[in-house]
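What follows is work.pdb (PDB, C-alpha atoms).
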ATOM      1  CA  MET A  11     135.450 -55.678 -30.326
ATOM      2  CA  ASN A  12     137.085 -57.889 -32.905
ATOM      3  CA  SER A  13     135.645 -56.528 -36.110
ATOM      4  CA  VAL A  14     134.556 -52.950 -35.677
ATOM      5  CA  VAL A  15     134.069 -51.511 -39.133
ATOM      6  CA  ASN A  16     135.243 -47.930 -39.163
ATOM      7  CA  THR A  17     134.155 -46.026 -42.213
ATOM      8  CA  GLY A  18     136.212 -42.993 -41.385
ATOM      9  CA  ALA A  19     133.249 -40.753 -40.711
ATOM     10  CA  ALA A  20     133.058 -38.862 -37.451
ATOM     11  CA  PRO A  21     130.791 -40.580 -34.911
ATOM     12  CA  VAL A  22     127.221 -39.398 -35.245
ATOM     13  CA  ALA A  23     126.496 -39.570 -31.565
ATOM     14  CA  THR A  24     128.426 -40.511 -28.487
ATOM     15  CA  PRO A  25     127.450 -43.387 -26.224
ATOM     16  CA  PHE A  26     126.150 -40.760 -23.842
ATOM     17  CA  PHE A  27     123.203 -40.189 -26.162
ATOM     18  CA  PHE A  28     122.500 -43.896 -26.270
ATOM     19  CA  TYR A  29     122.371 -44.179 -22.495
ATOM     20  CA  PHE A  30     120.320 -41.003 -22.225
ATOM     21  CA  LEU A  31     117.733 -42.143 -24.798
ATOM     22  CA  ALA A  32     117.603 -45.694 -23.454
ATOM     23  CA  GLY A  33     117.111 -44.422 -19.915
ATOM     24  CA  ALA A  34     114.392 -42.020 -21.022
ATOM     25  CA  ALA A  35     112.625 -44.790 -22.947
ATOM     26  CA  ILE A  36     112.692 -47.249 -20.050
ATOM     27  CA  VAL A  37     111.749 -44.748 -17.331
ATOM     28  CA  SER A  38     108.830 -43.367 -19.321
ATOM     29  CA  GLY A  39     107.822 -46.933 -20.252
ATOM     30  CA  LEU A  40     107.693 -47.659 -16.539
ATOM     31  CA  LEU A  41     105.505 -44.589 -16.092
ATOM     32  CA  VAL A  42     103.163 -45.854 -18.835
ATOM     33  CA  ILE A  43     102.309 -48.997 -16.916
ATOM     34  CA  THR A  44     102.137 -47.431 -13.466
ATOM     35  CA  ARG A  45     100.190 -44.183 -13.863
ATOM     36  CA  ARG A  46      96.653 -44.056 -12.544
ATOM     37  CA  ASN A  47      95.446 -41.492 -15.052
ATOM     38  CA  ALA A  48      95.344 -42.763 -18.633
ATOM     39  CA  VAL A  49      96.237 -39.330 -20.023
ATOM     40  CA  HIS A  50      99.489 -39.350 -18.064
ATOM     41  CA  SER A  51     100.214 -42.821 -19.420
ATOM     42  CA  ALA A  52      99.619 -41.583 -22.967
ATOM     43  CA  LEU A  53     101.978 -38.637 -22.478
ATOM     44  CA  SER A  54     104.673 -40.945 -21.053
ATOM     45  CA  LEU A  55     104.178 -43.241 -24.032
ATOM     46  CA  ILE A  56     104.835 -40.289 -26.328
ATOM     47  CA  VAL A  57     108.148 -39.708 -24.525
ATOM     48  CA  THR A  58     109.006 -43.393 -24.994
ATOM     49  CA  LEU A  59     108.174 -43.241 -28.691
ATOM     50  CA  LEU A  60     110.301 -40.144 -29.229
ATOM     51  CA  SER A  61     113.238 -41.715 -27.370
ATOM     52  CA  VAL A  62     112.970 -44.839 -29.514
ATOM     53  CA  ALA A  63     112.890 -42.581 -32.582
ATOM     54  CA  GLY A  64     116.176 -41.083 -31.351
ATOM     55  CA  LEU A  65     117.601 -44.597 -31.022
ATOM     56  CA  TYR A  66     116.570 -45.279 -34.622
ATOM     57  CA  LEU A  67     118.502 -42.189 -35.677
ATOM     58  CA  MET A  68     121.548 -43.566 -33.857
ATOM     59  CA  LEU A  69     121.078 -46.804 -35.815
ATOM     60  CA  TYR A  70     121.278 -45.007 -39.178
ATOM     61  CA  ALA A  71     117.549 -45.380 -39.818
ATOM     62  CA  PRO A  72     116.253 -41.841 -40.415
ATOM     63  CA  PHE A  73     113.228 -42.990 -42.421
ATOM     64  CA  VAL A  74     112.001 -45.335 -39.690
ATOM     65  CA  ALA A  75     112.597 -42.573 -37.145
ATOM     66  CA  GLY A  76     110.470 -40.186 -39.202
ATOM     67  CA  VAL A  77     107.735 -42.782 -39.602
ATOM     68  CA  GLN A  78     107.871 -43.415 -35.869
ATOM     69  CA  ILE A  79     107.350 -39.730 -35.075
ATOM     70  CA  ILE A  80     104.711 -39.067 -37.741
ATOM     71  CA  VAL A  81     102.654 -42.258 -37.473
ATOM     72  CA  TYR A  82     103.082 -43.158 -33.807
ATOM     73  CA  ALA A  83     103.499 -39.880 -31.982
ATOM     74  CA  GLY A  84     101.385 -37.962 -34.480
ATOM     75  CA  GLY A  85      98.666 -40.428 -35.474
ATOM     76  CA  ILE A  86      98.239 -43.332 -33.080
ATOM     77  CA  MET A  87      98.708 -41.278 -29.930
ATOM     78  CA  VAL A  88      96.131 -38.712 -31.078
ATOM     79  CA  LEU A  89      93.750 -41.638 -31.592
ATOM     80  CA  PHE A  90      94.500 -42.864 -28.073
ATOM     81  CA  LEU A  91      93.965 -39.424 -26.563
ATOM     82  CA  PHE A  92      90.656 -39.046 -28.415
ATOM     83  CA  VAL A  93      89.421 -42.374 -27.065
ATOM     84  CA  ILE A  94      90.568 -41.473 -23.560
ATOM     85  CA  MET A  95      88.508 -38.300 -23.830
ATOM     86  CA  LEU A  96      85.503 -40.282 -25.080
ATOM     87  CA  VAL A  97      85.410 -42.924 -22.357
ATOM     88  CA  ASN A  98      84.896 -42.148 -18.725
ATOM     89  CA  ILE A  99      88.346 -42.261 -17.182
ATOM     90  CA  GLU A 100      87.424 -40.651 -13.889
ATOM     91  CA  ARG A 101      85.707 -43.776 -12.683
ATOM     92  CA  SER A 102      88.531 -46.071 -13.671
ATOM     93  CA  ALA A 103      91.101 -43.686 -12.205
ATOM     94  CA  LYS A 104      89.408 -43.999  -8.813
ATOM     95  CA  ASP A 105      89.021 -47.740  -9.238
ATOM     96  CA  ARG A 106      91.432 -50.542  -8.460
ATOM     97  CA  GLN A 107      94.262 -50.325 -11.008
ATOM     98  CA  PHE A 108      95.414 -53.923 -11.243
ATOM     99  CA  ASN A 109      93.294 -56.889 -12.163
ATOM    100  CA  ARG A 110      92.485 -59.839  -9.936
ATOM    101  CA  ILE A 111      95.238 -62.113 -11.178
ATOM    102  CA  TRP A 112      98.026 -59.534 -11.175
ATOM    103  CA  PRO A 113     100.417 -61.694  -9.085
ATOM    104  CA  VAL A 114     100.181 -64.417 -11.712
ATOM    105  CA  GLY A 115     100.791 -61.899 -14.479
ATOM    106  CA  LEU A 116     103.743 -60.395 -12.653
ATOM    107  CA  ALA A 117     105.200 -63.867 -12.055
ATOM    108  CA  ALA A 118     104.845 -64.703 -15.740
ATOM    109  CA  ALA A 119     106.532 -61.435 -16.706
ATOM    110  CA  CYS A 120     109.351 -62.156 -14.246
ATOM    111  CA  ALA A 121     109.761 -65.603 -15.804
ATOM    112  CA  LEU A 122     110.027 -63.938 -19.196
ATOM    113  CA  LEU A 123     112.559 -61.460 -17.810
ATOM    114  CA  SER A 124     114.694 -64.250 -16.359
ATOM    115  CA  LEU A 125     114.498 -66.047 -19.693
ATOM    116  CA  PHE A 126     115.770 -62.909 -21.436
ATOM    117  CA  VAL A 127     118.531 -62.431 -18.870
ATOM    118  CA  SER A 128     119.747 -66.015 -19.124
ATOM    119  CA  ALA A 129     119.602 -65.919 -22.920
ATOM    120  CA  PHE A 130     121.565 -62.676 -23.014
ATOM    121  CA  VAL A 131     124.126 -63.830 -20.454
ATOM    122  CA  LYS A 132     124.683 -67.173 -22.179
ATOM    123  CA  GLY A 133     124.455 -65.850 -25.717
ATOM    124  CA  ARG A 134     126.506 -62.721 -25.212
ATOM    125  CA  ASN A 135     129.080 -63.823 -27.771
ATOM    126  CA  LEU A 136     126.597 -65.024 -30.351
ATOM    127  CA  PHE A 137     126.027 -61.535 -31.670
ATOM    128  CA  PRO A 138     128.898 -60.139 -33.697
ATOM    129  CA  ASP A 139     130.195 -56.903 -32.267
ATOM    130  CA  ARG A 140     130.513 -55.259 -35.608
ATOM    131  CA  LEU A 141     129.023 -51.869 -36.319
ATOM    132  CA  VAL A 142     128.141 -51.377 -39.947
ATOM    133  CA  ALA A 143     127.612 -47.771 -40.931
ATOM    134  CA  LEU A 144     124.649 -47.749 -43.274
ATOM    135  CA  GLN A 145     124.392 -45.069 -45.896
ATOM    136  CA  GLU A 146     122.215 -42.441 -44.323
ATOM    137  CA  SER A 147     121.726 -40.010 -47.179
ATOM    138  CA  SER A 148     119.984 -42.500 -49.485
ATOM    139  CA  ASN A 149     118.158 -44.430 -46.764
ATOM    140  CA  THR A 150     114.670 -43.426 -47.872
ATOM    141  CA  GLN A 151     115.513 -44.164 -51.493
ATOM    142  CA  GLN A 152     116.776 -47.638 -50.639
ATOM    143  CA  ILE A 153     113.686 -48.446 -48.570
ATOM    144  CA  ALA A 154     111.563 -47.267 -51.490
ATOM    145  CA  ALA A 155     113.508 -49.640 -53.756
ATOM    146  CA  MET A 156     112.720 -52.445 -51.288
ATOM    147  CA  LEU A 157     109.019 -51.608 -51.229
ATOM    148  CA  TYR A 158     108.276 -50.576 -54.794
ATOM    149  CA  GLY A 159     111.179 -52.069 -56.704
ATOM    150  CA  GLU A 160     113.484 -50.203 -58.991
ATOM    151  CA  ALA A 161     114.295 -50.119 -62.719
ATOM    152  CA  GLY A 162     111.065 -51.843 -63.634
ATOM    153  CA  ARG A 163     111.606 -54.832 -61.349
ATOM    154  CA  MET A 164     109.492 -55.591 -58.315
ATOM    155  CA  GLY A 165     111.221 -55.190 -54.984
ATOM    156  CA  PRO A 166     111.336 -58.021 -52.442
ATOM    157  CA  TYR A 167     108.483 -56.502 -50.457
ATOM    158  CA  THR A 168     106.201 -55.167 -53.167
ATOM    159  CA  PHE A 169     103.574 -57.853 -52.649
ATOM    160  CA  ALA A 170     103.713 -57.443 -48.861
ATOM    161  CA  PHE A 171     103.303 -53.704 -49.363
ATOM    162  CA  GLU A 172     100.085 -54.223 -51.330
ATOM    163  CA  ILE A 173      98.797 -56.636 -48.692
ATOM    164  CA  ALA A 174      99.571 -54.000 -46.045
ATOM    165  CA  SER A 175      97.386 -51.495 -47.894
ATOM    166  CA  LEU A 176      94.584 -54.086 -47.893
ATOM    167  CA  LEU A 177      95.126 -54.597 -44.157
ATOM    168  CA  LEU A 178      94.770 -50.870 -43.567
ATOM    169  CA  LEU A 179      91.553 -50.813 -45.595
ATOM    170  CA  VAL A 180      90.140 -53.660 -43.487
ATOM    171  CA  ALA A 181      91.212 -51.846 -40.314
ATOM    172  CA  ILE A 182      89.476 -48.651 -41.418
ATOM    173  CA  LEU A 183      86.280 -50.541 -42.179
ATOM    174  CA  GLY A 184      86.506 -52.443 -38.891
ATOM    175  CA  ALA A 185      87.013 -49.290 -36.847
ATOM    176  CA  VAL A 186      84.130 -47.480 -38.561
ATOM    177  CA  ILE A 187      81.731 -50.404 -38.175
ATOM    178  CA  MET A 188      82.732 -50.988 -34.551
ATOM    179  CA  THR A 189      81.997 -47.408 -33.579
ATOM    180  CA  LYS A 190      78.642 -47.232 -35.361
ATOM    181  CA  LYS A 191      75.731 -46.833 -33.013
ATOM    182  CA  LYS A 192      73.740 -49.793 -34.339
ATOM    183  CA  ILE A 193      75.780 -52.639 -35.692
TER     184      ILE A 193
ATOM    185  CA  MET B   2     131.462 -34.867 -28.452
ATOM    186  CA  LEU B   3     134.596 -36.277 -30.044
ATOM    187  CA  THR B   4     135.702 -34.208 -32.973
ATOM    188  CA  ARG B   5     138.483 -34.914 -35.404
ATOM    189  CA  ALA B   6     140.472 -32.022 -33.955
ATOM    190  CA  ALA B   7     140.622 -33.649 -30.563
ATOM    191  CA  ASN B   8     143.703 -32.589 -28.646
ATOM    192  CA  ASP B   9     145.781 -34.753 -26.371
ATOM    193  CA  ASP B  10     143.813 -33.786 -23.308
ATOM    194  CA  ASP B  11     140.586 -34.986 -24.877
ATOM    195  CA  ARG B  12     142.214 -38.199 -26.002
ATOM    196  CA  ARG B  13     143.509 -38.930 -22.511
ATOM    197  CA  ARG B  14     140.045 -38.309 -21.095
ATOM    198  CA  THR B  15     138.588 -40.740 -23.635
ATOM    199  CA  THR B  16     140.875 -43.523 -22.517
ATOM    200  CA  GLU B  17     139.878 -42.851 -18.938
ATOM    201  CA  PHE B  18     136.267 -43.200 -19.941
ATOM    202  CA  GLU B  19     137.057 -46.433 -21.714
ATOM    203  CA  ARG B  20     138.703 -47.719 -18.588
ATOM    204  CA  LEU B  21     135.525 -46.864 -16.728
ATOM    205  CA  ASN B  22     133.721 -48.992 -19.303
ATOM    206  CA  PHE B  23     131.413 -46.099 -20.068
ATOM    207  CA  MET B  24     132.526 -45.090 -23.544
ATOM    208  CA  VAL B  25     132.563 -48.601 -24.973
ATOM    209  CA  PRO B  26     131.164 -48.624 -28.501
ATOM    210  CA  ILE B  27     127.460 -49.249 -28.485
ATOM    211  CA  THR B  28     126.936 -52.631 -30.104
ATOM    212  CA  THR B  29     123.846 -54.505 -31.219
ATOM    213  CA  PHE B  30     123.750 -56.167 -27.830
ATOM    214  CA  HIS B  31     123.079 -52.865 -26.040
ATOM    215  CA  TYR B  32     120.055 -52.235 -28.220
ATOM    216  CA  LEU B  33     118.804 -55.766 -27.616
ATOM    217  CA  VAL B  34     118.958 -55.203 -23.862
ATOM    218  CA  VAL B  35     116.966 -51.971 -24.134
ATOM    219  CA  ALA B  36     114.406 -53.676 -26.375
ATOM    220  CA  ALA B  37     114.088 -56.596 -23.957
ATOM    221  CA  ALA B  38     113.465 -54.177 -21.083
ATOM    222  CA  LEU B  39     110.747 -52.370 -23.047
ATOM    223  CA  PHE B  40     109.230 -55.726 -24.027
ATOM    224  CA  VAL B  41     109.051 -56.913 -20.417
ATOM    225  CA  LEU B  42     107.514 -53.600 -19.340
ATOM    226  CA  GLY B  43     104.867 -54.025 -22.018
ATOM    227  CA  VAL B  44     104.156 -57.609 -20.952
ATOM    228  CA  ILE B  45     103.762 -56.505 -17.331
ATOM    229  CA  GLY B  46     101.323 -53.811 -18.452
ATOM    230  CA  VAL B  47      99.272 -56.227 -20.538
ATOM    231  CA  LEU B  48      99.085 -58.870 -17.817
ATOM    232  CA  THR B  49      98.425 -56.724 -14.759
ATOM    233  CA  ARG B  50      96.623 -53.513 -15.692
ATOM    234  CA  ARG B  51      92.868 -53.243 -15.578
ATOM    235  CA  ASN B  52      92.287 -50.267 -17.844
ATOM    236  CA  VAL B  53      91.883 -51.395 -21.459
ATOM    237  CA  VAL B  54      93.394 -48.188 -22.842
ATOM    238  CA  ILE B  55      96.586 -48.788 -20.882
ATOM    239  CA  VAL B  56      96.627 -52.433 -21.984
ATOM    240  CA  LEU B  57      96.550 -51.248 -25.608
ATOM    241  CA  MET B  58      99.345 -48.779 -24.863
ATOM    242  CA  SER B  59     101.396 -51.639 -23.417
ATOM    243  CA  ILE B  60     100.890 -53.532 -26.664
ATOM    244  CA  GLU B  61     102.334 -50.503 -28.451
ATOM    245  CA  LEU B  62     105.332 -50.727 -26.106
ATOM    246  CA  ILE B  63     105.824 -54.376 -27.075
ATOM    247  CA  LEU B  64     105.639 -53.562 -30.783
ATOM    248  CA  ASN B  65     108.169 -50.782 -30.306
ATOM    249  CA  ALA B  66     110.561 -53.160 -28.606
ATOM    250  CA  VAL B  67     110.316 -55.547 -31.551
ATOM    251  CA  ASN B  68     110.885 -52.668 -33.960
ATOM    252  CA  LEU B  69     113.995 -51.613 -32.081
ATOM    253  CA  ASN B  70     115.332 -55.160 -32.365
ATOM    254  CA  LEU B  71     114.660 -55.239 -36.090
ATOM    255  CA  VAL B  72     116.378 -51.921 -36.752
ATOM    256  CA  ALA B  73     119.358 -52.926 -34.600
ATOM    257  CA  PHE B  74     119.755 -56.169 -36.544
ATOM    258  CA  SER B  75     119.359 -54.213 -39.764
ATOM    259  CA  ARG B  76     122.380 -52.200 -38.778
ATOM    260  CA  MET B  77     124.267 -55.311 -37.680
ATOM    261  CA  TRP B  78     123.885 -57.010 -41.068
ATOM    262  CA  GLY B  79     124.286 -53.804 -43.034
ATOM    263  CA  ASN B  80     121.166 -54.191 -45.144
ATOM    264  CA  LEU B  81     117.734 -52.641 -45.044
ATOM    265  CA  HIS B  82     115.447 -55.659 -44.694
ATOM    266  CA  GLY B  83     115.026 -55.018 -40.981
ATOM    267  CA  GLN B  84     114.099 -51.380 -41.479
ATOM    268  CA  THR B  85     111.567 -52.276 -44.163
ATOM    269  CA  PHE B  86     110.022 -54.833 -41.855
ATOM    270  CA  ALA B  87     109.896 -52.213 -39.087
ATOM    271  CA  VAL B  88     107.806 -50.017 -41.388
ATOM    272  CA  PHE B  89     105.403 -52.928 -41.881
ATOM    273  CA  ILE B  90     105.134 -53.373 -38.124
ATOM    274  CA  VAL B  91     104.251 -49.694 -37.770
ATOM    275  CA  VAL B  92     101.432 -50.309 -40.285
ATOM    276  CA  ASP B  93     100.280 -53.273 -38.205
ATOM    277  CA  ALA B  94     100.379 -51.203 -35.033
ATOM    278  CA  ALA B  95      98.213 -48.517 -36.625
ATOM    279  CA  ALA B  96      95.657 -51.089 -37.782
ATOM    280  CA  GLU B  97      95.660 -52.811 -34.402
ATOM    281  CA  ALA B  98      95.199 -49.539 -32.507
ATOM    282  CA  ALA B  99      92.325 -48.451 -34.753
ATOM    283  CA  VAL B 100      90.418 -51.726 -34.447
ATOM    284  CA  GLY B 101      91.222 -52.152 -30.757
ATOM    285  CA  LEU B 102      90.032 -48.687 -29.855
ATOM    286  CA  GLY B 103      86.920 -49.219 -32.006
ATOM    287  CA  ILE B 104      86.115 -52.357 -30.044
ATOM    288  CA  LEU B 105      86.731 -50.412 -26.850
ATOM    289  CA  ILE B 106      84.258 -47.696 -27.894
ATOM    290  CA  ALA B 107      81.631 -50.325 -28.784
ATOM    291  CA  PHE B 108      82.181 -52.064 -25.454
ATOM    292  CA  PHE B 109      81.999 -48.835 -23.485
ATOM    293  CA  ARG B 110      78.729 -47.989 -25.189
ATOM    294  CA  ASN B 111      77.260 -51.312 -24.042
ATOM    295  CA  LYS B 112      78.614 -51.713 -20.514
ATOM    296  CA  GLU B 113      79.789 -48.245 -19.431
ATOM    297  CA  THR B 114      83.116 -49.563 -18.251
ATOM    298  CA  ILE B 115      86.622 -50.042 -19.627
ATOM    299  CA  ASN B 116      87.914 -52.563 -17.107
ATOM    300  CA  VAL B 117      89.413 -55.791 -18.375
ATOM    301  CA  ASP B 118      87.827 -57.770 -15.534
ATOM    302  CA  GLU B 119      84.351 -56.872 -16.674
ATOM    303  CA  ILE B 120      84.818 -57.804 -20.317
ATOM    304  CA  ASP B 121      83.205 -61.231 -20.114
ATOM    305  CA  LEU B 122      80.413 -61.136 -22.671
ATOM    306  CA  LEU B 123      81.799 -64.179 -24.467
ATOM    307  CA  LYS B 124      82.251 -66.195 -21.281
ATOM    308  CA  TRP B 125      79.948 -69.172 -20.914
TER     309      TRP B 125
END

Let's see the structure in the file written out as structure tokens.
Amino acid sequence: MNSVVNTGAAPVATPFFFYFLAGAAIVSGLLVITRRNAVHSALSLIVTLLSVAGLYLMLYAPFVAGVQIIVYAGGIMVLFLFVIMLVNIERSAKDRQFNRIWPVGLAAACALLSLFVSAFVKGRNLFPDRLVALQESSNTQQIAAMLYGEAGRMGPYTFAFEIASLLLLVAILGAVIMTKKKI
Amino acid sequence: MLTRAANDDDRRRTTEFERLNFMVPITTFHYLVVAAALFVLGVIGVLTRRNVVIVLMSIELILNAVNLNLVAFSRMWGNLHGQTFAVFIVVDAAAEAAVGLGILIAFFRNKETINVDEIDLLKW
């Protein structure tokens, strides 16, 4: 802990909250990929998303946490639940749950995990241990300045923001055309 | 919860916790480990599950892990580029989920199944 920046403010949350939220996220993530019923998986995924939103709050990112709850837990998960209701999950719940090449997939994932572990063990000191306290009260305003620009100037991400709106338009059209009865 | 009006007893307990290596300050590295765990869980889900809906949910897990990394690095450097990029990734995730689930509906209408093994219409 060579360069811990202390801004004088009282700690927002104790490490206990970090371990609690991280544990909740990982355990419910494990439930997502192991449940037989897709509805149970979706509900576990909601728990994961809310825990990650809590971690964002601990990282001084209240806007991203709000977006996470509104867009992910509110929008995307409702979409998932609707589709689960539309397709026939009873058949696939009774079926075999893992595909034919699951040992290969598991081996590849274990290789990835060992890669992560070795990178983190070897590169432990590459990451500075500093903790910068970002300004929380004007977080949304600063992100808006990034996206839209401020004082008449374009922000660094204004063009990317417009492209993102185009991407959403294409996604809407794609989803509507895909679900039409006759393509 | 540590308050400013912590008395000596509380302070002594804190040092005991620190000796137990439990109350160490949470650094960027801790968040990276959590994100890596979520990422690996998502990869396992994508590579082994048979239900397409759960495969798409695993992709959401992977995207969340990346987002957590970005926000953690945003805090490490003390600027907001990482958080802004995380918002863009949420946009991407929404678009991907909409199109992916649309494809799933179209496929289910044609073949009455949502198993990955049986999606082989493009196989020659």

* Residue contacts of B:Ile63 (9 Å, only C-alpha atoms) excluding same-chain residues fewer than 6 positions away, as JSON, numbers by chain -> {"B": [36, 39, 40, 41, 42, 43, 44]}

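For A:Ala83, the set of protein, DNA and RNA residues having any atom at most 12 Å away, when counting all atoms listed in the file and skipping those fewer than 5 positions along the same chain, is Ala52, Leu53, Ser54, Leu55, Ile56, Val57, Thr58, Leu59, Leu60, Ser61, Val62, Ala63, Ala75, Gly76, Val77, Gln78, Val88, Leu89, Phe90 and Leu91 of chain A; Glu61, Asn65, Val91 and Ala95 of chain B.
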
* To do: Determine the nearest neighbour of B:Ser59 from the options B:Ala87, B:Leu33, B:Ala73, B:Ala98, counting only C-alpha atoms.
  =>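 With only C-alpha atoms as the atom set, the closest residue is B:Ala98.
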
* For each of B:Leu64, B:Ile120, B:Val92, B:Ala99, take the minimum atom-to-atom distance to A:Glu172, counting only C-alpha atoms, then give the residue where this is smallest. =>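 Closest to A:Glu172, using only C-alpha atoms: B:Val92.
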
* Asked: Mind pulling up the distance from atom CA of B:Phe86 to atom CA of A:Gly162?
  ->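 Distance reported for this atom pair: 22.0 Å.
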
* Using only C-alpha atoms, determine which residues lie at most 10 Å from B:His82, disregarding the query and same-chain residues fewer than 6 positions distant; provide the list as a list in words. =>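 With the cut-off at 10 Å, the set is Ile153, Met156, Pro166 and Tyr167 of chain A; Leu71, Val72, Phe74, Ser75 and Arg76 of chain B.
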
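From atom CA of A:Gln152 back to atom CA of A:Leu176, the distance works out to 23.3 Å.
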
* Do you have the atom CA of B:Arg51-atom CA of A:Leu177 distance handy? ->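 Between atom CA of B:Arg51 and atom CA of A:Leu177 the gap works out to 28.7 Å.
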
* To do: Enumerate, as number ranges by chain, the residues matched when the PyMOL selection byres ((chain A and resi 117-120) around 12) is run on the file above.
  => A: 111-116, 121-127; B: 37-49

Reference answer for the PyMOL selection byres ((chain A and resi 188) around 10), as a short mmCIF file (atom, residue, chain, number, x, y, z; two decimals) with C-alpha atoms, in the frame of the given file:
data_model
loop_
_atom_site.label_atom_id
_atom_site.label_comp_id
_atom_site.auth_asym_id
_atom_site.auth_seq_id
_atom_site.Cartn_x
_atom_site.Cartn_y
_atom_site.Cartn_z
CA ILE A 182 89.48 -48.65 -41.42
CA LEU A 183 86.28 -50.54 -42.18
CA GLY A 184 86.51 -52.44 -38.89
CA ALA A 185 87.01 -49.29 -36.85
CA VAL A 186 84.13 -47.48 -38.56
CA ILE A 187 81.73 -50.40 -38.17
CA THR A 189 82.00 -47.41 -33.58
CA LYS A 190 78.64 -47.23 -35.36
CA LYS A 191 75.73 -46.83 -33.01
CA LYS A 192 73.74 -49.79 -34.34
CA ILE A 193 75.78 -52.64 -35.69
CA ALA B 99 92.32 -48.45 -34.75
CA VAL B 100 90.42 -51.73 -34.45
CA GLY B 101 91.22 -52.15 -30.76
CA LEU B 102 90.03 -48.69 -29.86
CA GLY B 103 86.92 -49.22 -32.01
CA ILE B 104 86.12 -52.36 -30.04
CA LEU B 105 86.73 -50.41 -26.85
CA ILE B 106 84.26 -47.70 -27.89
CA ALA B 107 81.63 -50.32 -28.78
CA PHE B 108 82.18 -52.06 -25.45
#

* What residues come out when you apply the PyMOL selection byres ((chain A and resi 68) around 10) to this file, written as a list in words? ->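 Applied to this file, the PyMOL selection byres ((chain A and resi 68) around 10) selects Pro21, Val22, Ala23, Thr24, Pro25, Phe27, Phe28, Leu31, Val62, Ala63, Gly64, Leu65, Tyr66, Leu67, Leu69, Tyr70, Ala71, Pro72 and Ala75 of chain A; Ile27, Ala73 and Arg76 of chain B.
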
* Asked: Which residues, written as a PyMOL selection string, have at least one atom at most 12 Å from A:Gln151, with all atoms listed in the file counted and residues fewer than 4 positions away on the same chain left out?
  -> (chain A and resi 71-73+145-147+155-160) or (chain B and resi 81+85)

* Structure fact -> Counting all atoms listed in the file, the residue among A:Phe169, A:Phe92, A:Arg46, A:Ile36 that lies closest to chain B is A:Ile36
